[in-house]
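**Student:** Just so it is clear, I am handing over start_2.tsv, which has TSV, N, CA and C atoms.
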chain	number	residue	atom	x	y	z
B	1	MET	N	0.85	-1.17	0.00
B	1	MET	CA	0.00	0.00	0.00
B	1	MET	C	0.90	1.24	0.00
B	2	PRO	N	0.74	2.15	-0.97
B	2	PRO	CA	1.57	3.37	-0.99
B	2	PRO	C	1.39	4.19	0.28
B	3	ASP	N	2.40	5.02	0.59
B	3	ASP	CA	2.39	5.80	1.83
B	3	ASP	C	1.13	6.65	1.99
B	4	ALA	N	0.67	7.31	0.94
B	4	ALA	CA	-0.52	8.18	1.04
B	4	ALA	C	-1.75	7.36	1.40
B	5	LYS	N	-1.90	6.20	0.76
B	5	LYS	CA	-3.04	5.34	1.08
B	5	LYS	C	-2.94	4.78	2.49
B	6	LEU	N	-1.73	4.40	2.89
B	6	LEU	CA	-1.52	3.88	4.24
B	6	LEU	C	-1.82	4.96	5.27
B	7	SER	N	-1.39	6.18	5.01
B	7	SER	CA	-1.67	7.29	5.91
B	7	SER	C	-3.16	7.57	6.02
B	8	LEU	N	-3.85	7.52	4.90
B	8	LEU	CA	-5.31	7.73	4.90
B	8	LEU	C	-6.00	6.60	5.64
B	9	PHE	N	-5.54	5.37	5.42
B	9	PHE	CA	-6.08	4.20	6.11
B	9	PHE	C	-5.89	4.34	7.62
B	10	LYS	N	-4.67	4.71	8.04
B	10	LYS	CA	-4.35	4.89	9.46
B	10	LYS	C	-5.21	6.00	10.06
B	11	SER	N	-5.36	7.11	9.33
B	11	SER	CA	-6.18	8.21	9.81
B	11	SER	C	-7.64	7.78	9.97
B	12	GLY	N	-8.13	6.99	9.04
B	12	GLY	CA	-9.50	6.49	9.13
B	12	GLY	C	-9.68	5.59	10.34
B	13	LEU	N	-8.69	4.73	10.59
B	13	LEU	CA	-8.77	3.85	11.76
B	13	LEU	C	-8.77	4.66	13.05
B	14	ILE	N	-7.92	5.67	13.13
B	14	ILE	CA	-7.87	6.52	14.32
B	14	ILE	C	-9.20	7.26	14.50
B	15	PHE	N	-9.76	7.75	13.41
B	15	PHE	CA	-11.04	8.47	13.45
B	15	PHE	C	-12.15	7.57	14.01
B	16	VAL	N	-12.26	6.36	13.49
B	16	VAL	CA	-13.29	5.43	13.96
B	16	VAL	C	-13.02	5.03	15.41
B	17	GLY	N	-11.75	4.81	15.72
B	17	GLY	CA	-11.39	4.45	17.09
B	17	GLY	C	-11.71	5.55	18.09
B	18	ALA	N	-11.45	6.80	17.73
B	18	ALA	CA	-11.72	7.92	18.64
B	18	ALA	C	-13.21	8.05	18.92
B	19	GLY	N	-14.02	7.86	17.91
B	19	GLY	CA	-15.47	7.90	18.12
B	19	GLY	C	-15.92	6.78	19.03
B	20	SER	N	-15.37	5.60	18.81
B	20	SER	CA	-15.71	4.44	19.65
B	20	SER	C	-15.27	4.67	21.09
B	21	GLY	N	-14.07	5.21	21.26
B	21	GLY	CA	-13.57	5.49	22.61
B	21	GLY	C	-14.42	6.53	23.32
B	22	GLY	N	-14.87	7.55	22.58
B	22	GLY	CA	-15.74	8.57	23.17
B	22	GLY	C	-17.06	7.99	23.63
B	23	LEU	N	-17.63	7.10	22.82
B	23	LEU	CA	-18.87	6.44	23.23
B	23	LEU	C	-18.65	5.57	24.46
B	24	LEU	N	-17.54	4.85	24.49
B	24	LEU	CA	-17.23	4.04	25.68
B	24	LEU	C	-17.12	4.92	26.93
B	25	ARG	N	-16.43	6.06	26.79
B	25	ARG	CA	-16.31	6.98	27.92
B	25	ARG	C	-17.68	7.43	28.40
B	26	TYR	N	-18.54	7.80	27.47
B	26	TYR	CA	-19.88	8.27	27.79
B	26	TYR	C	-20.68	7.18	28.50
B	27	TRP	N	-20.68	5.98	27.95
B	27	TRP	CA	-21.47	4.89	28.51
B	27	TRP	C	-20.92	4.40	29.84
B	28	ILE	N	-19.63	4.11	29.90
B	28	ILE	CA	-19.04	3.57	31.13
B	28	ILE	C	-19.04	4.61	32.24
B	29	GLY	N	-18.59	5.82	31.91
B	29	GLY	CA	-18.59	6.89	32.91
B	29	GLY	C	-19.99	7.18	33.44
B	30	GLY	N	-20.95	7.23	32.53
B	30	GLY	CA	-22.34	7.49	32.93
B	30	GLY	C	-22.92	6.37	33.77
B	31	LEU	N	-22.65	5.14	33.38
B	31	LEU	CA	-23.15	3.99	34.13
B	31	LEU	C	-22.63	4.00	35.55
B	32	ILE	N	-21.33	4.21	35.70
B	32	ILE	CA	-20.71	4.23	37.03
B	32	ILE	C	-21.21	5.43	37.83
B	33	GLN	N	-21.31	6.59	37.18
B	33	GLN	CA	-21.77	7.78	37.89
B	33	GLN	C	-23.21	7.62	38.36
B	34	ASN	N	-24.05	7.05	37.53
B	34	ASN	CA	-25.45	6.82	37.93
B	34	ASN	C	-25.54	5.85	39.09
B	35	TRP	N	-24.69	4.85	39.10
B	35	TRP	CA	-24.67	3.88	40.18
B	35	TRP	C	-24.20	4.54	41.48
B	36	TRP	N	-23.16	5.39	41.40
B	36	TRP	CA	-22.55	6.01	42.57
B	36	TRP	C	-23.39	7.17	43.11
B	37	GLY	N	-23.91	8.00	42.20
B	37	GLY	CA	-24.62	9.20	42.59
B	37	GLY	C	-23.78	10.44	42.32
B	38	PRO	N	-24.35	11.62	42.54
B	38	PRO	CA	-23.70	12.86	42.12
B	38	PRO	C	-22.69	13.45	43.10
B	39	THR	N	-22.35	12.74	44.18
B	39	THR	CA	-21.52	13.35	45.22
B	39	THR	C	-20.03	13.44	44.88
B	40	PHE	N	-19.57	12.67	43.91
B	40	PHE	CA	-18.14	12.64	43.54
B	40	PHE	C	-18.05	12.18	42.10
B	41	PRO	N	-17.17	12.77	41.27
B	41	PRO	CA	-17.08	12.39	39.85
B	41	PRO	C	-16.36	11.05	39.65
B	42	ILE	N	-16.91	9.99	40.23
B	42	ILE	CA	-16.28	8.67	40.18
B	42	ILE	C	-16.26	8.10	38.76
B	43	GLY	N	-17.26	8.42	37.94
B	43	GLY	CA	-17.29	7.92	36.57
B	43	GLY	C	-16.08	8.38	35.78
B	44	THR	N	-15.76	9.65	35.88
B	44	THR	CA	-14.59	10.20	35.18
B	44	THR	C	-13.31	9.59	35.75
B	45	LEU	N	-13.24	9.46	37.07
B	45	LEU	CA	-12.06	8.87	37.70
B	45	LEU	C	-11.83	7.44	37.22
B	46	VAL	N	-12.89	6.64	37.17
B	46	VAL	CA	-12.76	5.25	36.72
B	46	VAL	C	-12.33	5.20	35.26
B	47	VAL	N	-12.92	6.06	34.43
B	47	VAL	CA	-12.53	6.10	33.02
B	47	VAL	C	-11.05	6.47	32.90
B	48	ASN	N	-10.61	7.49	33.62
B	48	ASN	CA	-9.20	7.90	33.56
B	48	ASN	C	-8.27	6.79	34.03
B	49	LEU	N	-8.61	6.13	35.13
B	49	LEU	CA	-7.76	5.08	35.66
B	49	LEU	C	-7.71	3.86	34.74
B	50	THR	N	-8.86	3.43	34.23
B	50	THR	CA	-8.87	2.26	33.35
B	50	THR	C	-8.19	2.59	32.01
B	51	GLY	N	-8.36	3.81	31.53
B	51	GLY	CA	-7.69	4.22	30.29
B	51	GLY	C	-6.18	4.25	30.47
B	52	CYS	N	-5.71	4.75	31.60
B	52	CYS	CA	-4.27	4.78	31.87
B	52	CYS	C	-3.71	3.38	32.02
B	53	LEU	N	-4.44	2.51	32.69
B	53	LEU	CA	-4.00	1.12	32.84
B	53	LEU	C	-3.88	0.46	31.47
B	54	ALA	N	-4.90	0.62	30.64
B	54	ALA	CA	-4.88	0.03	29.30
B	54	ALA	C	-3.76	0.63	28.45
B	55	MET	N	-3.57	1.94	28.52
B	55	MET	CA	-2.52	2.60	27.74
B	55	MET	C	-1.14	2.08	28.15
B	56	GLY	N	-0.88	2.03	29.43
B	56	GLY	CA	0.42	1.56	29.91
B	56	GLY	C	0.69	0.12	29.51
B	57	PHE	N	-0.29	-0.74	29.70
B	57	PHE	CA	-0.13	-2.15	29.37
B	57	PHE	C	0.06	-2.36	27.87
B	58	LEU	N	-0.86	-1.83	27.07
B	58	LEU	CA	-0.81	-2.08	25.62
B	58	LEU	C	0.37	-1.40	24.95
B	59	ALA	N	0.65	-0.16	25.31
B	59	ALA	CA	1.78	0.54	24.68
B	59	ALA	C	3.09	-0.17	24.99
B	60	THR	N	3.26	-0.60	26.22
B	60	THR	CA	4.48	-1.30	26.60
B	60	THR	C	4.57	-2.66	25.92
B	61	ALA	N	3.48	-3.40	25.92
B	61	ALA	CA	3.49	-4.73	25.29
B	61	ALA	C	3.70	-4.62	23.78
B	62	TRP	N	3.04	-3.68	23.14
B	62	TRP	CA	3.06	-3.60	21.68
B	62	TRP	C	4.31	-2.93	21.12
B	63	MET	N	5.09	-2.27	21.96
B	63	MET	CA	6.33	-1.70	21.48
B	63	MET	C	7.52	-2.53	21.94
B	64	GLY	N	7.22	-3.64	22.58
B	64	GLY	CA	8.28	-4.51	23.07
B	64	GLY	C	8.04	-5.93	22.64
B	65	PRO	N	7.52	-6.76	23.56
B	65	PRO	CA	7.44	-8.19	23.27
B	65	PRO	C	6.40	-8.58	22.21
B	66	ILE	N	5.36	-7.81	22.05
B	66	ILE	CA	4.30	-8.14	21.09
B	66	ILE	C	4.23	-7.02	20.07
B	67	LEU	N	4.76	-7.27	18.90
B	67	LEU	CA	4.77	-6.24	17.87
B	67	LEU	C	3.52	-6.36	17.00
B	68	ILE	N	2.81	-5.26	16.85
B	68	ILE	CA	1.68	-5.22	15.93
B	68	ILE	C	1.92	-4.08	14.96
B	69	ARG	N	1.23	-4.14	13.84
B	69	ARG	CA	1.40	-3.11	12.82
B	69	ARG	C	1.13	-1.74	13.41
B	70	GLU	N	1.93	-0.76	13.01
B	70	GLU	CA	1.88	0.59	13.57
B	70	GLU	C	0.52	1.24	13.39
B	71	GLU	N	-0.13	1.05	12.25
B	71	GLU	CA	-1.43	1.70	12.04
B	71	GLU	C	-2.51	1.13	12.96
B	72	PHE	N	-2.44	-0.16	13.28
B	72	PHE	CA	-3.41	-0.75	14.21
B	72	PHE	C	-3.09	-0.34	15.65
B	73	ARG	N	-1.80	-0.26	15.98
B	73	ARG	CA	-1.39	0.22	17.30
B	73	ARG	C	-1.89	1.65	17.51
B	74	SER	N	-1.72	2.51	16.49
B	74	SER	CA	-2.20	3.89	16.59
B	74	SER	C	-3.71	3.96	16.67
B	75	ALA	N	-4.39	3.11	15.92
B	75	ALA	CA	-5.86	3.11	15.95
B	75	ALA	C	-6.38	2.81	17.35
B	76	ILE	N	-5.71	1.90	18.04
B	76	ILE	CA	-6.17	1.53	19.38
B	76	ILE	C	-5.66	2.51	20.44
B	77	LEU	N	-4.36	2.82	20.41
B	77	LEU	CA	-3.81	3.69	21.46
B	77	LEU	C	-4.25	5.14	21.30
B	78	VAL	N	-4.10	5.68	20.09
B	78	VAL	CA	-4.47	7.08	19.86
B	78	VAL	C	-5.98	7.21	19.67
B	79	GLY	N	-6.55	6.28	18.90
B	79	GLY	CA	-7.97	6.35	18.59
B	79	GLY	C	-8.85	5.94	19.75
B	80	ILE	N	-8.93	4.65	20.01
B	80	ILE	CA	-9.88	4.15	21.02
B	80	ILE	C	-9.53	4.65	22.42
B	81	ILE	N	-8.29	4.40	22.87
B	81	ILE	CA	-7.95	4.79	24.25
B	81	ILE	C	-7.86	6.31	24.36
B	82	GLY	N	-7.32	6.97	23.33
B	82	GLY	CA	-7.27	8.44	23.34
B	82	GLY	C	-8.66	9.06	23.32
B	83	GLY	N	-9.59	8.44	22.60
B	83	GLY	CA	-10.97	8.91	22.60
B	83	GLY	C	-11.67	8.60	23.92
B	84	TYR	N	-11.26	7.52	24.54
B	84	TYR	CA	-11.81	7.12	25.83
B	84	TYR	C	-11.37	8.09	26.91
B	85	THR	N	-10.08	8.43	26.92
B	85	THR	CA	-9.56	9.40	27.86
B	85	THR	C	-8.21	9.93	27.41
B	86	THR	N	-8.10	11.23	27.22
B	86	THR	CA	-6.79	11.80	26.87
B	86	THR	C	-5.85	11.78	28.08
B	87	PHE	N	-6.41	11.55	29.25
B	87	PHE	CA	-5.58	11.46	30.45
B	87	PHE	C	-4.58	10.32	30.33
B	88	SER	N	-4.97	9.26	29.58
B	88	SER	CA	-4.06	8.14	29.39
B	88	SER	C	-2.84	8.57	28.57
B	89	SER	N	-3.03	9.41	27.57
B	89	SER	CA	-1.89	9.92	26.80
B	89	SER	C	-0.99	10.78	27.67
B	90	PHE	N	-1.60	11.63	28.48
B	90	PHE	CA	-0.86	12.46	29.43
B	90	PHE	C	-0.03	11.58	30.36
B	91	GLY	N	-0.63	10.54	30.91
B	91	GLY	CA	0.08	9.64	31.80
B	91	GLY	C	1.22	8.92	31.11
B	92	PHE	N	0.96	8.43	29.90
B	92	PHE	CA	2.00	7.70	29.16
B	92	PHE	C	3.16	8.63	28.80
B	93	GLU	N	2.85	9.84	28.35
B	93	GLU	CA	3.91	10.79	27.98
B	93	GLU	C	4.75	11.17	29.20
B	94	THR	N	4.10	11.33	30.34
B	94	THR	CA	4.82	11.67	31.57
B	94	THR	C	5.76	10.54	31.97
B	95	ILE	N	5.27	9.31	31.95
B	95	ILE	CA	6.09	8.16	32.32
B	95	ILE	C	7.23	7.98	31.31
B	96	THR	N	6.96	8.21	30.03
B	96	THR	CA	8.00	8.10	29.00
B	96	THR	C	9.13	9.09	29.27
B	97	LEU	N	8.77	10.33	29.59
B	97	LEU	CA	9.80	11.32	29.94
B	97	LEU	C	10.61	10.86	31.15
B	98	ALA	N	9.93	10.36	32.17
B	98	ALA	CA	10.63	9.91	33.37
B	98	ALA	C	11.55	8.73	33.07
B	99	ARG	N	11.08	7.78	32.28
B	99	ARG	CA	11.91	6.61	31.93
B	99	ARG	C	13.13	7.01	31.10
B	100	GLN	N	13.02	8.11	30.37
B	100	GLN	CA	14.15	8.60	29.58
B	100	GLN	C	15.10	9.44	30.42
B	101	GLY	N	14.85	9.50	31.71
B	101	GLY	CA	15.71	10.28	32.60
B	101	GLY	C	15.38	11.76	32.62
B	102	GLU	N	14.28	12.12	32.03
B	102	GLU	CA	13.85	13.52	31.95
B	102	GLU	C	12.84	13.83	33.06
B	103	CYS	N	13.23	13.51	34.29
B	103	CYS	CA	12.31	13.69	35.43
B	103	CYS	C	11.91	15.15	35.62
B	104	TRP	N	12.83	16.06	35.41
B	104	TRP	CA	12.52	17.48	35.54
B	104	TRP	C	11.46	17.88	34.52
B	105	ARG	N	11.64	17.46	33.26
B	105	ARG	CA	10.65	17.77	32.22
B	105	ARG	C	9.31	17.10	32.52
B	106	ALA	N	9.35	15.89	33.03
B	106	ALA	CA	8.12	15.19	33.39
B	106	ALA	C	7.37	15.96	34.48
B	107	GLY	N	8.10	16.42	35.48
B	107	GLY	CA	7.48	17.20	36.55
B	107	GLY	C	6.90	18.51	36.06
B	108	VAL	N	7.64	19.20	35.21
B	108	VAL	CA	7.13	20.46	34.64
B	108	VAL	C	5.89	20.18	33.80
B	109	TYR	N	5.92	19.08	33.04
B	109	TYR	CA	4.76	18.72	32.20
B	109	TYR	C	3.53	18.46	33.06
B	110	VAL	N	3.69	17.74	34.16
B	110	VAL	CA	2.56	17.45	35.05
B	110	VAL	C	2.01	18.74	35.66
B	111	ILE	N	2.90	19.54	36.23
B	111	ILE	CA	2.45	20.77	36.89
B	111	ILE	C	1.82	21.72	35.88
B	112	ALA	N	2.48	21.89	34.74
B	112	ALA	CA	1.94	22.80	33.72
B	112	ALA	C	0.62	22.29	33.17
B	113	SER	N	0.53	20.99	32.91
B	113	SER	CA	-0.71	20.44	32.35
B	113	SER	C	-1.88	20.63	33.32
B	114	VAL	N	-1.67	20.29	34.56
B	114	VAL	CA	-2.76	20.38	35.54
B	114	VAL	C	-3.09	21.84	35.84
B	115	ALA	N	-2.08	22.62	36.19
B	115	ALA	CA	-2.34	24.02	36.57
B	115	ALA	C	-2.89	24.83	35.40
B	116	ILE	N	-2.27	24.72	34.23
B	116	ILE	CA	-2.73	25.52	33.09
B	116	ILE	C	-4.09	25.03	32.59
B	117	SER	N	-4.34	23.72	32.66
B	117	SER	CA	-5.65	23.22	32.27
B	117	SER	C	-6.75	23.75	33.20
B	118	LEU	N	-6.49	23.74	34.49
B	118	LEU	CA	-7.47	24.29	35.43
B	118	LEU	C	-7.67	25.79	35.20
B	119	LEU	N	-6.58	26.49	34.96
B	119	LEU	CA	-6.68	27.92	34.67
B	119	LEU	C	-7.48	28.15	33.38
B	120	ALA	N	-7.26	27.30	32.36
B	120	ALA	CA	-7.99	27.44	31.10
B	120	ALA	C	-9.48	27.18	31.28
B	121	VAL	N	-9.84	26.18	32.10
B	121	VAL	CA	-11.27	25.93	32.38
B	121	VAL	C	-11.87	27.14	33.08
B	122	TRP	N	-11.17	27.67	34.07
B	122	TRP	CA	-11.65	28.86	34.77
B	122	TRP	C	-11.80	30.03	33.81
B	123	ALA	N	-10.79	30.27	32.95
B	123	ALA	CA	-10.82	31.38	32.00
B	123	ALA	C	-11.96	31.22	31.00
B	124	GLY	N	-12.15	30.00	30.50
B	124	GLY	CA	-13.25	29.76	29.58
B	124	GLY	C	-14.59	30.05	30.22
B	125	GLY	N	-14.74	29.63	31.46
B	125	GLY	CA	-15.98	29.93	32.20
B	125	GLY	C	-16.16	31.42	32.42
B	126	ALA	N	-15.08	32.12	32.76
B	126	ALA	CA	-15.14	33.57	32.98
B	126	ALA	C	-15.54	34.29	31.69
B	127	ILE	N	-15.02	33.84	30.56
B	127	ILE	CA	-15.38	34.44	29.27
B	127	ILE	C	-16.85	34.21	28.97
B	128	ALA	N	-17.33	32.98	29.22
B	128	ALA	CA	-18.76	32.68	28.99
B	128	ALA	C	-19.65	33.54	29.86
B	129	ILE	N	-19.26	33.71	31.12
B	129	ILE	CA	-20.05	34.56	32.03
B	129	ILE	C	-20.07	35.99	31.51
B	130	LYS	N	-18.93	36.49	31.07
B	130	LYS	CA	-18.84	37.85	30.56
B	130	LYS	C	-19.68	38.03	29.30
B	131	LEU	N	-19.63	37.04	28.40
B	131	LEU	CA	-20.36	37.16	27.13
B	131	LEU	C	-21.85	36.87	27.26
B	132	PHE	N	-22.19	35.87	28.04
B	132	PHE	CA	-23.57	35.40	28.05
B	132	PHE	C	-24.29	35.56	29.38
B	133	GLY	N	-23.56	36.00	30.39
B	133	GLY	CA	-24.19	36.16	31.69
B	133	GLY	C	-24.47	34.83	32.37
B	134	ALA	N	-23.81	33.76	31.93
B	134	ALA	CA	-24.00	32.45	32.55
B	134	ALA	C	-23.54	32.52	33.99
B	135	ASN	N	-24.12	31.67	34.83
B	135	ASN	CA	-23.76	31.73	36.25
B	135	ASN	C	-22.51	30.93	36.59
B	136	GLY	N	-22.00	30.13	35.66
B	136	GLY	CA	-20.75	29.43	35.89
B	136	GLY	C	-20.84	28.24	36.81
B	137	SER	N	-22.05	27.77	37.16
B	137	SER	CA	-22.11	26.62	38.06
B	137	SER	C	-22.21	25.33	37.32
Take the structure in this file and express it as C-alpha coordinates.
**Tutor:**
Amino acid sequence: MPDAKLSLFKSGLIFVGAGSGGLLRYWIGGLIQNWWGPTFPIGTLVVNLTGCLAMGFLATAWMGPILIREEFRSAILVGIIGGYTTFSSFGFETITLARQGECWRAGVYVIASVAISLLAVWAGGAIAIKLFGANGS
(Lines of atoms letter the chains of each structure in order from A and count residues from 1; the text may use other names and numbers.)
(Lines give C-alpha, C1' and ligand atoms only; values in the text may rest on other atoms or scores of the structure.)
Protein backbone atom coordinates (compact mmCIF):
# COMPACT_ATOMS: atom_id res chain seq x y z
CA MET A 1 0.00 0.00 0.00
CA PRO A 2 1.57 3.37 -0.99
CA ASP A 3 2.39 5.80 1.83
CA ALA A 4 -0.52 8.18 1.04
CA LYS A 5 -3.04 5.34 1.08
CA LEU A 6 -1.52 3.88 4.24
CA SER A 7 -1.67 7.29 5.91
CA LEU A 8 -5.31 7.73 4.90
CA PHE A 9 -6.08 4.20 6.11
CA LYS A 10 -4.35 4.89 9.46
CA SER A 11 -6.18 8.21 9.81
CA GLY A 12 -9.50 6.49 9.13
CA LEU A 13 -8.77 3.85 11.76
CA ILE A 14 -7.87 6.52 14.32
CA PHE A 15 -11.04 8.47 13.45
CA VAL A 16 -13.29 5.43 13.96
CA GLY A 17 -11.39 4.45 17.09
CA ALA A 18 -11.72 7.92 18.64
CA GLY A 19 -15.47 7.90 18.12
CA SER A 20 -15.71 4.44 19.65
CA GLY A 21 -13.57 5.49 22.61
CA GLY A 22 -15.74 8.57 23.17
CA LEU A 23 -18.87 6.44 23.23
CA LEU A 24 -17.23 4.04 25.68
CA ARG A 25 -16.31 6.98 27.92
CA TYR A 26 -19.88 8.27 27.79
CA TRP A 27 -21.47 4.89 28.51
CA ILE A 28 -19.04 3.57 31.13
CA GLY A 29 -18.59 6.89 32.91
CA GLY A 30 -22.34 7.49 32.93
CA LEU A 31 -23.15 3.99 34.13
CA ILE A 32 -20.71 4.23 37.03
CA GLN A 33 -21.77 7.78 37.89
CA ASN A 34 -25.45 6.82 37.93
CA TRP A 35 -24.67 3.88 40.18
CA TRP A 36 -22.55 6.01 42.57
CA GLY A 37 -24.62 9.20 42.59
CA PRO A 38 -23.70 12.86 42.12
CA THR A 39 -21.52 13.35 45.22
CA PHE A 40 -18.14 12.64 43.54
CA PRO A 41 -17.08 12.39 39.85
CA ILE A 42 -16.28 8.67 40.18
CA GLY A 43 -17.29 7.92 36.57
CA THR A 44 -14.59 10.20 35.18
CA LEU A 45 -12.06 8.87 37.70
CA VAL A 46 -12.76 5.25 36.72
CA VAL A 47 -12.53 6.10 33.02
CA ASN A 48 -9.20 7.90 33.56
CA LEU A 49 -7.76 5.08 35.66
CA THR A 50 -8.87 2.26 33.35
CA GLY A 51 -7.69 4.22 30.29
CA CYS A 52 -4.27 4.78 31.87
CA LEU A 53 -4.00 1.12 32.84
CA ALA A 54 -4.88 0.03 29.30
CA MET A 55 -2.52 2.60 27.74
CA GLY A 56 0.42 1.56 29.91
CA PHE A 57 -0.13 -2.15 29.37
CA LEU A 58 -0.81 -2.08 25.62
CA ALA A 59 1.78 0.54 24.68
CA THR A 60 4.48 -1.30 26.60
CA ALA A 61 3.49 -4.73 25.29
CA TRP A 62 3.06 -3.60 21.68
CA MET A 63 6.33 -1.70 21.48
CA GLY A 64 8.28 -4.51 23.07
CA PRO A 65 7.44 -8.19 23.27
CA ILE A 66 4.30 -8.14 21.09
CA LEU A 67 4.77 -6.24 17.87
CA ILE A 68 1.68 -5.22 15.93
CA ARG A 69 1.40 -3.11 12.82
CA GLU A 70 1.88 0.59 13.57
CA GLU A 71 -1.43 1.70 12.04
CA PHE A 72 -3.41 -0.75 14.21
CA ARG A 73 -1.39 0.22 17.30
CA SER A 74 -2.20 3.89 16.59
CA ALA A 75 -5.86 3.11 15.95
CA ILE A 76 -6.17 1.53 19.38
CA LEU A 77 -3.81 3.69 21.46
CA VAL A 78 -4.47 7.08 19.86
CA GLY A 79 -7.97 6.35 18.59
CA ILE A 80 -9.88 4.15 21.02
CA ILE A 81 -7.95 4.79 24.25
CA GLY A 82 -7.27 8.44 23.34
CA GLY A 83 -10.97 8.91 22.60
CA TYR A 84 -11.81 7.12 25.83
CA THR A 85 -9.56 9.40 27.86
CA THR A 86 -6.79 11.80 26.87
CA PHE A 87 -5.58 11.46 30.45
CA SER A 88 -4.06 8.14 29.39
CA SER A 89 -1.89 9.92 26.80
CA PHE A 90 -0.86 12.46 29.43
CA GLY A 91 0.08 9.64 31.80
CA PHE A 92 2.00 7.70 29.16
CA GLU A 93 3.91 10.79 27.98
CA THR A 94 4.82 11.67 31.57
CA ILE A 95 6.09 8.16 32.32
CA THR A 96 8.00 8.10 29.00
CA LEU A 97 9.80 11.32 29.94
CA ALA A 98 10.63 9.91 33.37
CA ARG A 99 11.91 6.61 31.93
CA GLN A 100 14.15 8.60 29.58
CA GLY A 101 15.71 10.28 32.60
CA GLU A 102 13.85 13.52 31.95
CA CYS A 103 12.31 13.69 35.43
CA TRP A 104 12.52 17.48 35.54
CA ARG A 105 10.65 17.77 32.22
CA ALA A 106 8.12 15.19 33.39
CA GLY A 107 7.48 17.20 36.55
CA VAL A 108 7.13 20.46 34.64
CA TYR A 109 4.76 18.72 32.20
CA VAL A 110 2.56 17.45 35.05
CA ILE A 111 2.45 20.77 36.89
CA ALA A 112 1.94 22.80 33.72
CA SER A 113 -0.71 20.44 32.35
CA VAL A 114 -2.76 20.38 35.54
CA ALA A 115 -2.34 24.02 36.57
CA ILE A 116 -2.73 25.52 33.09
CA SER A 117 -5.65 23.22 32.27
CA LEU A 118 -7.47 24.29 35.43
CA LEU A 119 -6.68 27.92 34.67
CA ALA A 120 -7.99 27.44 31.10
CA VAL A 121 -11.27 25.93 32.38
CA TRP A 122 -11.65 28.86 34.77
CA ALA A 123 -10.82 31.38 32.00
CA GLY A 124 -13.25 29.76 29.58
CA GLY A 125 -15.98 29.93 32.20
CA ALA A 126 -15.14 33.57 32.98
CA ILE A 127 -15.38 34.44 29.27
CA ALA A 128 -18.76 32.68 28.99
CA ILE A 129 -20.05 34.56 32.03
CA LYS A 130 -18.84 37.85 30.56
CA LEU A 131 -20.36 37.16 27.13
CA PHE A 132 -23.57 35.40 28.05
CA GLY A 133 -24.19 36.16 31.69
CA ALA A 134 -24.00 32.45 32.55
CA ASN A 135 -23.76 31.73 36.25
CA GLY A 136 -20.75 29.43 35.89
CA SER A 137 -22.11 26.62 38.06
**Student:** For B:Gly29, please output as a list of chain:residue names all residues within 6.5 Å (counting all atoms listed in the file; exclusion window: fewer than 5 positions along the same chain).
**Tutor:**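 Neighbouring residues, sequence-local ones excluded: B:Leu24, B:Asn34, B:Ile42, B:Gly43, B:Thr44, B:Val47.
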**Student:** For atom C of B:Leu6 and atom N of B:Gly22, determine how far apart the two atoms are, in Å to one decimal place.
**Tutor:**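 Value for the atom C of B:Leu6-atom N of B:Gly22 distance: 21.8 Å.
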**Student:** In Å to one decimal, how far is atom C of B:Gly17 from atom N of B:Ile81?
**Tutor:**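 Result for atom N of B:Ile81 versus atom C of B:Gly17: 6.0 Å, one decimal.
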**Student:** Can you work out the spacing between atom N of B:Ser113 and atom C of B:Thr86 in Å, to one decimal?
**Tutor:**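 Taking atom N of B:Ser113 and atom C of B:Thr86, their separation equals 12.2 Å.
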**Student:** According to DSSP computed on the backbone, where in chain B is there alpha helix (DSSP H)? Give the residues as a ChimeraX atom specification.
**Tutor:** /B:3-36,42-62,70-74,82-84,87-99,103-132
**Student:** For each of B:Leu58, B:Cys52, B:Ile129, B:Leu67, take the minimum atom-to-atom distance to B:Thr94, counting only C-alpha atoms, then give the residue where this is smallest.
**Tutor:**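 Checking each of B:Leu58, B:Cys52, B:Ile129, B:Leu67 against B:Thr94, counting only C-alpha atoms, the winner is B:Cys52.
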**Student:** Stretch 98-113 of chain B, all listed atoms, 8 Å padding on each side: what axis-aligned box centre and edge lengths in Å to one decimal come out, as AutoDock Vina command-line options?
**Tutor:**
--center_x 6.9 --center_y 14.7 --center_z 33.2 --size_x 33.6 --size_y 32.2 --size_z 23.3
**Student:** Rank nothing, just name the residue among B:Ala98, B:Val114, B:Leu131, B:Ser89 nearest to B:Asn48, using only C-alpha atoms.
**Tutor:**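 When distances to B:Asn48 are compared using only C-alpha atoms, the smallest one comes from B:Ser89.
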**Student:** Using only C-alpha atoms, which residue out of B:Leu13, B:Ile80, B:Ile127, B:Met55 lies closest to B:Arg25?
**Tutor:** B:Ile80
**Student:** Measuring atom to atom with all atoms listed in the file, identify which of B:Arg99, B:Leu118, B:Gly79, B:Thr85 is nearest to B:Ile14.
**Tutor:**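 Among the listed residues, the smallest separation from B:Ile14 belongs to B:Gly79.
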**Student:** Taking (-3.6, 2.4, 12.3) in the coordinates of the supplied file, I want to know which residues reach to within 6 Å of it, counting all atoms listed in the file; could you give the answer as a list in words?
**Tutor:**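 With a cut-off of 6 Å, the residues come to Phe9, Lys10, Ser11, Leu13, Ile14, Glu70, Glu71, Phe72, Arg73, Ser74 and Ala75 of chain B.
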**Student:** Of the candidates B:Leu8, B:Val121, B:Val16, B:Ile28, which one gets nearest to B:Val46 if we count only N, CA and C atoms?
**Tutor:**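 Closest to B:Val46, using only N, CA and C atoms: B:Ile28.
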**Student:** Choose the residue, out of B:Leu97, B:Leu77, B:Ile66, B:Ile32, that has the smallest atom-to-atom separation from B:Ala54; count only N, CA and C atoms.
**Tutor:**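 Smallest separation from B:Ala54 among the options: B:Leu77.
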